[in-house]
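K.L.:
You'll find model17.cif just under this line, and it carries mmCIF, C-alpha atoms.
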```cif
data_coords
loop_
_atom_site.label_atom_id
_atom_site.label_comp_id
_atom_site.auth_asym_id
_atom_site.auth_seq_id
_atom_site.Cartn_x
_atom_site.Cartn_y
_atom_site.Cartn_z
CA MET A 213 90.46 87.11 -31.45
CA ARG A 214 86.84 86.60 -30.51
CA ASP A 215 85.32 83.23 -29.63
CA ALA A 216 81.60 83.91 -30.13
CA LEU A 217 80.98 83.33 -33.84
CA ASP A 218 77.81 85.38 -34.14
CA ALA A 219 77.69 87.85 -37.02
CA THR A 220 74.08 88.85 -36.32
CA PRO A 221 72.65 91.26 -37.52
CA TYR A 222 74.85 91.01 -40.60
CA ASP A 223 74.07 88.53 -43.34
CA ALA A 224 76.98 89.15 -45.77
CA LEU A 225 80.46 90.68 -46.09
CA LEU A 226 81.53 92.74 -49.11
CA LEU A 227 85.21 93.02 -50.03
CA LEU A 228 85.46 96.45 -51.66
CA SER A 229 88.56 97.33 -53.64
CA PHE A 230 89.98 99.62 -56.32
CA GLY A 231 90.07 97.27 -59.29
CA GLY A 232 92.59 97.07 -62.12
CA PRO A 233 92.97 96.13 -65.79
CA GLU A 234 93.35 92.47 -66.70
CA GLY A 235 94.72 92.92 -70.23
CA PRO A 236 96.17 95.60 -72.56
CA ASP A 237 92.75 96.50 -73.98
CA ASP A 238 91.49 97.23 -70.45
CA VAL A 239 94.14 99.82 -69.52
CA VAL A 240 92.70 103.00 -71.07
CA PRO A 241 89.04 102.18 -70.21
CA PHE A 242 90.16 101.45 -66.64
CA LEU A 243 92.00 104.78 -66.41
CA GLU A 244 88.95 106.52 -67.87
CA ASN A 245 86.94 105.08 -64.98
CA VAL A 246 89.54 106.23 -62.45
CA THR A 247 89.74 109.78 -63.84
CA ARG A 248 86.09 110.23 -64.87
CA GLY A 249 85.00 113.87 -64.68
CA ARG A 250 88.53 115.31 -64.88
CA GLY A 251 88.56 115.80 -68.67
CA ILE A 252 91.87 114.00 -69.26
CA PRO A 253 92.43 113.24 -72.99
CA LYS A 254 92.73 109.61 -74.07
CA GLU A 255 96.26 110.18 -75.40
CA ARG A 256 97.35 111.37 -71.98
CA LEU A 257 95.78 108.27 -70.41
CA LYS A 258 97.81 106.09 -72.77
CA GLU A 259 100.96 107.81 -71.48
CA VAL A 260 99.87 107.38 -67.87
CA GLY A 261 99.14 103.71 -68.52
CA GLN A 262 102.66 102.86 -69.64
CA HIS A 263 103.55 101.23 -66.32
CA TYR A 264 100.60 98.86 -66.82
CA PHE A 265 101.79 98.03 -70.33
CA LEU A 266 105.22 97.12 -68.90
CA PHE A 267 103.42 94.29 -67.10
CA GLY A 268 101.37 93.15 -70.09
CA GLY A 269 98.49 95.50 -69.30
CA VAL A 270 97.61 93.44 -66.24
CA SER A 271 97.38 94.79 -62.71
CA PRO A 272 97.96 92.11 -60.08
CA ILE A 273 95.31 93.59 -57.78
CA ASN A 274 92.39 91.50 -59.01
CA ASP A 275 94.23 88.20 -58.58
CA GLN A 276 95.37 89.37 -55.16
CA ASN A 277 91.79 90.11 -54.20
CA ARG A 278 90.76 86.66 -55.42
CA ALA A 279 93.47 85.18 -53.18
CA LEU A 280 92.24 87.27 -50.23
CA LEU A 281 88.67 86.14 -50.90
CA ASP A 282 89.83 82.51 -50.79
CA ALA A 283 91.71 83.16 -47.54
CA LEU A 284 88.70 84.85 -45.94
CA ARG A 285 86.29 82.14 -47.02
CA LYS A 286 88.63 79.44 -45.72
CA ASP A 287 89.10 81.18 -42.38
CA PHE A 288 85.37 81.75 -41.93
CA ALA A 289 84.57 78.14 -42.87
CA ASP A 290 87.31 76.71 -40.65
CA HIS A 291 85.92 78.63 -37.68
CA GLY A 292 82.25 77.98 -38.36
CA LEU A 293 81.36 81.54 -39.34
CA GLY A 294 78.67 81.15 -41.99
CA LEU A 295 78.84 84.61 -43.50
CA PRO A 296 78.90 84.73 -47.33
CA ILE A 297 81.59 86.97 -48.84
CA TYR A 298 81.22 88.96 -52.07
CA TRP A 299 83.64 91.17 -53.99
CA GLY A 300 83.11 94.47 -55.82
CA ASN A 301 85.43 97.17 -57.25
CA ARG A 302 85.25 100.89 -57.74
CA ASN A 303 86.88 101.03 -61.16
CA TRP A 304 86.78 97.62 -62.85
CA ALA A 305 84.85 94.38 -62.96
CA PRO A 306 83.35 93.05 -60.81
CA TYR A 307 81.81 96.51 -60.41
CA LEU A 308 80.42 97.55 -57.03
CA THR A 309 76.87 98.26 -58.27
CA ASP A 310 76.67 94.88 -60.00
CA THR A 311 77.85 93.10 -56.87
CA LEU A 312 75.38 94.93 -54.63
CA ARG A 313 72.58 94.10 -57.08
CA GLU A 314 73.60 90.44 -56.85
CA MET A 315 73.68 90.59 -53.05
CA VAL A 316 70.17 92.08 -52.91
CA ALA A 317 68.92 89.40 -55.32
CA ASP A 318 70.43 86.80 -53.00
CA GLY A 319 68.38 88.23 -50.13
CA HIS A 320 71.04 90.14 -48.19
CA ARG A 321 69.84 93.24 -46.31
CA ARG A 322 72.54 93.93 -43.64
CA ILE A 323 75.94 94.11 -45.27
CA LEU A 324 79.36 94.76 -43.76
CA VAL A 325 82.07 96.23 -45.98
CA LEU A 326 85.81 95.55 -45.81
CA ALA A 327 87.70 98.15 -47.86
CA THR A 328 91.24 97.30 -48.96
CA SER A 329 92.60 100.42 -47.29
CA ALA A 330 93.70 100.34 -43.67
CA TYR A 331 93.92 104.09 -43.01
CA ALA A 332 91.81 107.23 -42.87
CA SER A 333 91.84 109.49 -45.94
CA TYR A 334 89.47 110.76 -48.60
CA SER A 335 90.63 108.28 -51.25
CA GLY A 336 91.03 105.43 -48.77
CA CYS A 337 87.70 105.79 -46.96
CA ARG A 338 85.33 108.65 -47.82
CA GLN A 339 85.52 108.01 -51.58
CA TYR A 340 84.62 104.35 -51.04
CA ARG A 341 81.66 105.53 -48.96
CA GLU A 342 80.61 107.88 -51.78
CA ASN A 343 80.83 104.99 -54.25
CA LEU A 344 78.63 102.92 -51.96
CA ALA A 345 76.04 105.72 -51.82
CA GLU A 346 76.08 106.05 -55.63
CA SER A 347 75.50 102.30 -56.00
CA LEU A 348 72.70 102.28 -53.45
CA ALA A 349 71.06 105.19 -55.27
CA ALA A 350 71.28 103.19 -58.51
CA LEU A 351 69.58 100.20 -56.86
CA GLU A 352 66.90 102.48 -55.45
CA ALA A 353 66.29 103.96 -58.91
CA GLU A 354 65.81 100.42 -60.22
CA GLY A 355 63.10 99.83 -57.61
CA LEU A 356 65.19 97.36 -55.61
CA GLU A 357 65.18 97.16 -51.84
CA VAL A 358 68.17 99.11 -50.55
CA PRO A 359 70.27 97.17 -48.02
CA ARG A 360 71.72 98.66 -44.84
CA ILE A 361 75.50 98.95 -45.21
CA ASP A 362 78.14 99.44 -42.53
CA LYS A 363 81.90 99.68 -43.02
CA LEU A 364 84.50 97.95 -40.85
CA ARG A 365 86.75 100.32 -38.93
CA HIS A 366 90.29 101.18 -40.00
CA TYR A 367 92.53 98.25 -39.12
CA PHE A 368 96.03 99.76 -39.40
CA ASN A 369 96.85 98.89 -35.79
CA HIS A 370 95.16 95.50 -35.55
CA PRO A 371 97.77 92.83 -34.73
CA GLY A 372 96.56 90.70 -37.65
CA PHE A 373 97.62 93.51 -39.99
CA LEU A 374 100.82 94.40 -38.13
CA GLU A 375 102.30 90.96 -37.47
CA PRO A 376 102.66 89.88 -41.13
CA THR A 377 104.24 93.27 -41.87
CA ILE A 378 106.70 92.90 -39.00
CA ASP A 379 107.65 89.45 -40.26
CA GLY A 380 108.16 90.88 -43.74
CA VAL A 381 110.58 93.51 -42.46
CA LEU A 382 112.48 90.91 -40.44
CA ALA A 383 112.74 88.65 -43.49
CA SER A 384 114.02 91.52 -45.64
CA LEU A 385 116.64 92.46 -43.06
CA ALA A 386 117.78 88.84 -42.95
CA GLU A 387 118.24 88.88 -46.75
CA LEU A 388 120.70 91.78 -46.60
CA PRO A 389 124.43 91.04 -46.53
CA GLU A 390 125.51 90.53 -42.93
CA GLU A 391 128.06 93.36 -43.07
CA VAL A 392 125.35 95.99 -43.76
CA ARG A 393 122.37 94.42 -41.98
CA ASP A 394 122.63 96.05 -38.55
CA GLY A 395 123.10 99.50 -40.03
CA ALA A 396 120.15 99.20 -42.41
CA HIS A 397 117.62 102.02 -42.52
CA ILE A 398 113.90 101.20 -42.76
CA ALA A 399 111.82 103.34 -45.12
CA PHE A 400 108.13 102.90 -44.33
CA SER A 401 106.35 103.76 -47.57
CA THR A 402 102.78 104.75 -48.31
CA HIS A 403 100.80 106.51 -51.03
CA SER A 404 101.42 110.24 -51.18
CA ILE A 405 98.29 112.38 -51.13
CA PRO A 406 97.79 116.17 -51.34
CA THR A 407 98.77 117.80 -48.06
CA ALA A 408 95.35 119.48 -47.93
CA SER A 409 93.70 116.05 -48.05
CA ALA A 410 96.05 114.69 -45.40
CA ASP A 411 95.41 117.66 -43.10
CA THR A 412 91.63 117.01 -43.14
CA SER A 413 91.83 113.21 -42.84
CA GLY A 414 89.99 111.57 -39.97
CA PRO A 415 87.51 113.21 -37.57
CA VAL A 416 87.40 117.00 -37.38
CA GLU A 417 89.03 117.16 -33.95
CA GLY A 418 92.15 115.52 -35.36
CA HIS A 419 92.51 117.80 -38.38
CA GLY A 420 95.79 119.66 -38.65
CA GLU A 421 99.23 119.00 -40.07
CA GLY A 422 99.04 115.55 -41.63
CA GLY A 423 95.74 114.70 -39.92
CA ALA A 424 94.88 111.10 -39.11
CA TYR A 425 96.53 109.84 -42.30
CA VAL A 426 100.05 110.77 -41.24
CA ALA A 427 99.45 110.05 -37.55
CA GLN A 428 98.24 106.52 -38.27
CA HIS A 429 101.15 105.74 -40.58
CA LEU A 430 103.65 107.11 -38.06
CA GLU A 431 102.08 104.91 -35.38
CA VAL A 432 102.35 101.81 -37.56
CA SER A 433 105.97 102.68 -38.40
CA ARG A 434 106.82 103.07 -34.73
CA LEU A 435 105.08 99.82 -33.74
CA ILE A 436 106.94 97.87 -36.41
CA ALA A 437 110.30 99.48 -35.62
CA ASP A 438 109.82 98.72 -31.91
CA ALA A 439 108.94 95.09 -32.68
CA VAL A 440 112.01 94.73 -34.91
CA ARG A 441 114.22 96.11 -32.13
CA GLU A 442 112.68 93.76 -29.57
CA ARG A 443 113.18 90.71 -31.79
CA THR A 444 116.64 91.47 -33.16
CA GLY A 445 118.24 93.63 -30.49
CA VAL A 446 119.08 96.21 -33.17
CA ASP A 447 117.58 99.71 -33.17
CA HIS A 448 117.22 100.48 -36.88
CA PRO A 449 116.71 104.13 -37.89
CA TRP A 450 113.51 104.69 -39.83
CA GLN A 451 111.41 107.30 -41.62
CA LEU A 452 107.94 107.52 -43.15
CA VAL A 453 108.22 108.21 -46.89
CA TYR A 454 105.81 108.50 -49.80
CA GLN A 455 105.35 107.21 -53.33
CA SER A 456 102.99 107.23 -56.31
CA ARG A 457 102.45 110.98 -56.45
CA SER A 458 100.19 112.19 -59.26
CA GLY A 459 98.35 115.38 -60.14
CA ALA A 460 99.44 118.92 -60.92
CA PRO A 461 103.01 119.72 -59.83
CA HIS A 462 102.01 123.04 -58.21
CA ILE A 463 99.77 121.28 -55.66
CA PRO A 464 101.69 120.27 -52.49
CA TRP A 465 101.74 116.53 -51.77
CA LEU A 466 103.22 114.62 -48.86
CA GLU A 467 107.00 114.19 -49.04
CA PRO A 468 109.73 112.92 -49.17
CA ASP A 469 109.35 110.78 -52.26
CA ILE A 470 110.90 107.33 -51.89
CA CYS A 471 113.49 107.82 -54.64
CA ASP A 472 114.56 111.22 -53.26
CA HIS A 473 114.77 109.59 -49.85
CA LEU A 474 117.06 106.84 -51.14
CA GLU A 475 119.41 109.48 -52.56
CA GLU A 476 119.41 111.40 -49.29
CA ARG A 477 120.01 108.29 -47.17
CA HIS A 478 122.82 107.15 -49.47
CA GLY A 479 124.40 110.59 -49.22
CA SER A 480 124.30 110.40 -45.42
CA GLY A 481 126.20 107.11 -45.44
CA VAL A 482 123.44 104.60 -44.76
CA PRO A 483 124.80 101.17 -45.83
CA ALA A 484 121.46 99.54 -46.81
CA VAL A 485 117.71 100.15 -46.88
CA VAL A 486 114.61 98.03 -46.33
CA ILE A 487 111.48 99.50 -47.92
CA ALA A 488 108.32 98.47 -46.07
CA PRO A 489 105.12 99.34 -48.03
CA ILE A 490 102.90 99.72 -44.96
CA GLY A 491 100.27 101.77 -46.81
CA PHE A 492 99.20 98.89 -49.04
CA VAL A 493 97.27 95.71 -48.32
CA SER A 494 98.72 93.79 -51.29
CA ASP A 495 101.57 93.88 -53.80
CA HIS A 496 99.56 95.63 -56.51
CA MET A 497 100.76 97.85 -59.34
CA GLU A 498 101.91 100.79 -57.25
CA VAL A 499 104.14 98.45 -55.26
CA LEU A 500 105.42 96.56 -58.32
CA TYR A 501 106.15 99.68 -60.36
CA ASP A 502 107.01 102.44 -57.90
CA LEU A 503 109.03 100.24 -55.55
CA ASP A 504 110.08 97.07 -57.36
CA THR A 505 110.88 98.96 -60.58
CA GLU A 506 111.63 102.65 -59.97
CA ALA A 507 112.97 102.53 -56.41
CA LYS A 508 114.91 99.35 -57.13
CA ALA A 509 116.52 101.03 -60.15
CA LYS A 510 117.39 104.09 -58.06
CA ALA A 511 119.00 101.93 -55.36
CA ALA A 512 121.01 100.03 -58.01
CA GLU A 513 122.13 103.34 -59.54
CA LEU A 514 123.35 104.45 -56.11
CA GLY A 515 124.96 101.11 -55.31
CA LEU A 516 122.74 100.95 -52.23
CA PRO A 517 121.72 97.45 -51.07
CA MET A 518 117.92 97.43 -50.86
CA ARG A 519 115.19 94.93 -50.05
CA ARG A 520 111.44 95.42 -50.25
CA SER A 521 109.32 93.66 -47.63
CA ALA A 522 106.01 91.97 -48.39
CA THR A 523 102.54 93.37 -47.79
CA VAL A 524 99.97 91.39 -45.78
CA GLY A 525 98.16 90.06 -48.87
CA ASP A 526 96.28 86.87 -48.08
CA ASP A 527 98.24 86.03 -44.92
CA PRO A 528 96.06 83.84 -42.66
CA ARG A 529 96.62 86.25 -39.76
CA PHE A 530 95.05 89.05 -41.78
CA ALA A 531 92.10 86.84 -42.68
CA ALA A 532 91.70 86.05 -38.96
CA ALA A 533 91.84 89.79 -38.21
CA VAL A 534 88.97 90.42 -40.63
CA ARG A 535 86.95 87.72 -38.86
CA ASP A 536 87.72 89.43 -35.55
CA LEU A 537 86.64 92.82 -36.92
CA VAL A 538 83.38 91.34 -38.24
CA LEU A 539 82.53 89.73 -34.90
CA GLU A 540 83.52 92.89 -33.02
CA ARG A 541 81.28 95.12 -35.12
CA ALA A 542 78.40 92.64 -34.97
CA ALA A 543 78.60 92.59 -31.17
CA VAL A 544 78.57 96.39 -31.10
CA GLU A 545 75.46 96.43 -33.30
CA ARG A 546 73.78 94.03 -30.87
CA GLY A 547 74.49 96.44 -28.01
CA GLN A 548 77.15 94.31 -26.32
CA GLN A 549 80.21 95.63 -24.51
CA VAL A 550 83.26 95.09 -26.72
CA THR A 551 86.99 95.55 -26.17
CA PRO A 552 88.39 96.37 -29.62
CA CYS A 553 91.66 94.73 -30.60
CA ALA A 554 94.20 97.47 -31.38
CA LEU A 555 97.87 98.00 -30.59
CA GLY A 556 99.64 101.24 -29.74
CA ALA A 557 98.64 104.61 -28.40
CA LEU A 558 95.97 105.61 -30.91
CA GLY A 559 93.51 102.88 -29.94
CA ALA A 560 90.75 101.53 -32.13
CA ALA A 561 89.33 103.77 -34.85
CA HIS A 562 85.68 104.80 -34.89
CA ASP A 563 83.04 102.37 -36.18
CA VAL A 564 80.92 105.05 -37.87
CA CYS A 565 82.49 107.97 -39.71
CA PRO A 566 81.40 111.28 -38.13
CA VAL A 567 80.37 114.40 -39.99
CA GLY A 568 83.41 116.17 -41.47
CA CYS A 569 85.57 113.04 -41.50
CA CYS A 570 87.88 113.01 -44.56
CA PRO A 571 85.72 115.58 -46.42
CA ALA A 572 85.48 115.66 -50.19
CA ARG A 573 86.46 118.65 -52.29
CA ALA A 574 82.80 118.92 -53.30
CA PRO A 575 80.20 117.51 -50.89
CA LYS A 576 78.61 114.25 -52.07
CA PRO A 577 76.38 111.74 -50.29
CA ALA A 578 78.29 108.94 -48.58
CA ALA A 579 77.05 105.69 -47.09
CA ALA A 580 78.13 104.10 -43.79
CA GLY A 581 78.50 107.37 -41.88
CA VAL A 582 76.58 109.52 -39.41
CA ASP A 583 75.37 111.65 -42.33
CA SER A 584 74.50 108.73 -44.62
CA PRO A 585 71.24 109.05 -46.55
CA TYR A 586 70.93 105.26 -46.25
CA ALA A 587 71.30 104.85 -42.48
#
```
Can you present the structure in this file as structure tokens?
P.N.:
Amino acid sequence: MRDALDATPYDALLLLSFGGPEGPDDVVPFLENVTRGRGIPKERLKEVGQHYFLFGGVSPINDQNRALLDALRKDFADHGLGLPIYWGNRNWAPYLTDTLREMVADGHRRILVLATSAYASYSGCRQYRENLAESLAALEAEGLEVPRIDKLRHYFNHPGFLEPTIDGVLASLAELPEEVRDGAHIAFSTHSIPTASADTSGPVEGHGEGGAYVAQHLEVSRLIADAVRERTGVDHPWQLVYQSRSGAPHIPWLEPDICDHLEERHGSGVPAVVIAPIGFVSDHMEVLYDLDTEAKAKAAELGLPMRRSATVGDDPRFAAAVRDLVLERAAVERGQQVTPCALGALGAAHDVCPVGCCPARAPKPAAAGVDSPYA
């Protein structure tokens, strides 16, 4: 972690997230925002929204972002970093455009963005950058001064993201019955995406089977498994698996699905499983429903002991990692030599997304990249 608490030239940090409904009446309008332009009928959206209705129509993601905001503000204040922090969402209030309008009114002109996605992909990076460009265009159309926006690099291999996850896996292993603990399999779970999107994730030179998306998740899985072995003396078998698939069934998505994987592992004689949701920053709806509901039910059906480890959430170590990333990027912008903090073989991700990085199906302007119209 860095000692020099100088965020210059930045004057604010924006926490940028997905958003979620906060009551039953919000579910369909929220899903309409998520699927805008796809022509999905409202009745179909009501069917899709059933997993939200199981939880009273409330996604936990907004409260989790409020908790992360509190953790970030506390960490910054405790360390004397006077950088104001705002919060905006893609698909629900507080909406990104409204937050950026507020930030401009408050006088902020150099803004750093922390997206609640640690990995490279279209939906986890490029789409956020497109949303930023759309919001900046809206401010420009209103005659407001458009701020300069930069995005913090992918933080999948920062120790402040990895350490809480390692501790979560260790805690879940400890919760298993002693007679099955040492033989437990670890299923590292993340959001499935179309294979075509995975193959083009990250910079062009890394495109290929799985692209940066799969490579980064495999690296995180390996780093966690190695840490668990070092701390317990047990070499647990592991695999990267996927969840939350959506879209047309004829389009290939990353596999295996977590529930199919549990069946396969049970069939091979594995005595227990720990599911580690490494692809998610917090325990939001896709974790609560796809893992804590569907996967848990599948494990119970199989008679397979299963525990699900925690995500990083508002862990103080993650908040400290964000502070480190802010100070690192600020130093880079000031032209200083910086040693990025990153574990493993992949090293630190790029600061500025190059041309062709995580391309969209149809080209759209995107902020915070080499090809940004708002550089």
K.L.:
Any idea what's packed within 8 Å of Phe373 of chain A, counting all atoms listed in the file, ignoring anything in its chain fewer than 4 positions away? Could you give it as an mmCIF file with C-alpha atoms, in the coordinates of the input?
P.N.:
```
data_model
loop_
_atom_site.group_PDB
_atom_site.id
_atom_site.type_symbol
_atom_site.label_atom_id
_atom_site.label_comp_id
_atom_site.auth_asym_id
_atom_site.auth_seq_id
_atom_site.Cartn_x
_atom_site.Cartn_y
_atom_site.Cartn_z
ATOM 1 C CA TYR A 367 92.530 98.250 -39.120
ATOM 2 C CA PHE A 368 96.030 99.760 -39.400
ATOM 3 C CA ASN A 369 96.850 98.890 -35.790
ATOM 4 C CA THR A 377 104.240 93.270 -41.870
ATOM 5 C CA VAL A 524 99.970 91.390 -45.780
ATOM 6 C CA ARG A 529 96.620 86.250 -39.760
ATOM 7 C CA PHE A 530 95.050 89.050 -41.780
ATOM 8 C CA ALA A 533 91.840 89.790 -38.210
#
```
K.L.:
As a check of understanding, name the residues that the PyMOL selection byres ((chain A and resi 401) around 7) selects in the supplied structure, as a list in words.
P.N.:
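Selection result, ordered by chain and number: Ala399, Phe400, Thr402, Leu452, Val453, Tyr454, Gln455, Ile487, Ala488, Pro489, Ile490 and Gly491 of chain A.
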K.L.:
Which residue is closest to Ala580 of chain A? Choose from A:Asp362, A:Asp469, A:Glu417, A:Glu475 and count only C-alpha atoms.
P.N.:
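Smallest distance to Ala580 of chain A is found for A:Asp362.
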K.L.:
Tell me, in Å to one decimal, how far atom CA of Glu387 of chain A is from atom CA of Leu374 of chain A.
P.N.:
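Going from atom CA of Glu387 of chain A over to atom CA of Leu374 of chain A, I get 20.2 Å.
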K.L.:
Separation of atom CA of Ala424 of chain A and atom CA of Ala574 of chain A, in Å?
P.N.:
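Distance between the two atoms: 20.2 Å.
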K.L.:
Quick check, in Å to one decimal: how far apart do atom CA of Ala509 of chain A and atom CA of Leu385 of chain A lie?
P.N.:
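Straight-line distance from atom CA of Ala509 of chain A to atom CA of Leu385 of chain A works out to 19.1 Å.
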K.L.:
Please evaluate the PyMOL selection byres ((chain A and resi 542) around 7) against the displayed coordinates and give the resulting residues as a count of residues only.
P.N.:
12
K.L.:
Report the residues retrieved by the PyMOL selection byres ((chain A and resi 288) around 12) from the displayed file, expressed as an NGL selection string.
P.N.:
:A and (217-219 or 224-225 or 281-287 or 289-297 or 528 or 531-536 or 538-539)
K.L.:
Pull C-alpha atoms from the residues just selected and write them as a tab-separated table (two decimals), keeping the file's coordinate frame.
P.N.:
```
chain	number	residue	atom	x	y	z
A	217	LEU	CA	80.98	83.33	-33.84
A	218	ASP	CA	77.81	85.38	-34.14
A	219	ALA	CA	77.69	87.85	-37.02
A	224	ALA	CA	76.98	89.15	-45.77
A	225	LEU	CA	80.46	90.68	-46.09
A	281	LEU	CA	88.67	86.14	-50.90
A	282	ASP	CA	89.83	82.51	-50.79
A	283	ALA	CA	91.71	83.16	-47.54
A	284	LEU	CA	88.70	84.85	-45.94
A	285	ARG	CA	86.29	82.14	-47.02
A	286	LYS	CA	88.63	79.44	-45.72
A	287	ASP	CA	89.10	81.18	-42.38
A	289	ALA	CA	84.57	78.14	-42.87
A	290	ASP	CA	87.31	76.71	-40.65
A	291	HIS	CA	85.92	78.63	-37.68
A	292	GLY	CA	82.25	77.98	-38.36
A	293	LEU	CA	81.36	81.54	-39.34
A	294	GLY	CA	78.67	81.15	-41.99
A	295	LEU	CA	78.84	84.61	-43.50
A	296	PRO	CA	78.90	84.73	-47.33
A	297	ILE	CA	81.59	86.97	-48.84
A	528	PRO	CA	96.06	83.84	-42.66
A	531	ALA	CA	92.10	86.84	-42.68
A	532	ALA	CA	91.70	86.05	-38.96
A	533	ALA	CA	91.84	89.79	-38.21
A	534	VAL	CA	88.97	90.42	-40.63
A	535	ARG	CA	86.95	87.72	-38.86
A	536	ASP	CA	87.72	89.43	-35.55
A	538	VAL	CA	83.38	91.34	-38.24
A	539	LEU	CA	82.53	89.73	-34.90
```
K.L.:
Let me make sure I understand: among A:Asp223, A:Ser271, A:Pro253, A:Leu351, which one has the smallest atom-to-atom distance to Asp318 of chain A if we use only C-alpha atoms?
P.N.:
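Between A:Asp223, A:Ser271, A:Pro253, A:Leu351, the residue approaching Asp318 of chain A most closely is A:Asp223.
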K.L.:
Show me, as CSV, the residues of segment 256-361 of chain A having an atom within 7 Å of segment 494-497 of chain A, each with the closest atom pair and its distance in Å, using only C-alpha atoms.
P.N.:
```
residue,atom,partner,partner_atom,distance
A:Ser271,CA,A:Met497,CA,5.7
A:Pro272,CA,A:His496,CA,5.3
A:Ile273,CA,A:His496,CA,4.9
A:Gln276,CA,A:Ser494,CA,6.8
```
K.L.:
Which residue is closest to Val432 of chain A? Choose from A:Glu391, A:Glu375, A:Asp447, A:Asp411 and count all atoms listed in the file.
P.N.:
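Going through A:Glu391, A:Glu375, A:Asp447, A:Asp411 one by one, the smallest distance to Val432 of chain A is for A:Glu375.
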K.L.:
I'd like to know which of A:Ile361, A:Ala332, A:Leu243, A:Ala522 is closest to Leu348 of chain A, using only C-alpha atoms.
P.N.:
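Among the listed residues, the smallest separation from Leu348 of chain A belongs to A:Ile361.
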K.L.:
Need to verify the contact set: Ala511 of chain A, 9 Å, only C-alpha atoms, exclusion of same-chain residues closer than 6 positions in sequence. Can you return it as a list of chain:residue names?
P.N.:
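Contacts, in chain order: A:Cys471, A:Leu474, A:Glu475, A:His478, A:Val485, A:Pro517, A:Met518.
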K.L.:
Find the residue from A:Thr523, A:Gln548, A:Ser229, A:Thr407 that sits nearest to Leu344 of chain A; use only C-alpha atoms when measuring.
P.N.:
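Comparing A:Thr523, A:Gln548, A:Ser229, A:Thr407 against Leu344 of chain A, the winner is A:Ser229.
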K.L.:
If I put a ball of radius 8 Å at (96.1, 110.0, -41.1) in the file's coordinates, which residues poke into it when counting all atoms listed in the file, written as a PyMOL selection string?
P.N.:
chain A and resi 331-333+410-411+413-414+422-429
K.L.:
From the list A:Leu537, A:Ala396, A:Met315, A:Val582, which residue is nearest Arg519 of chain A when using only C-alpha atoms?
P.N.:
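Among the listed residues, the smallest separation from Arg519 of chain A belongs to A:Ala396.
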K.L.:
List every protein, DNA or RNA residue that has an atom no more than 7 Å from (95.3, 90.8, -34.4) in the file's coordinate frame, counting only C-alpha atoms, and report them as JSON, numbers by chain.
P.N.:
{"A": [213, 370, 371, 372, 373, 533, 553]}
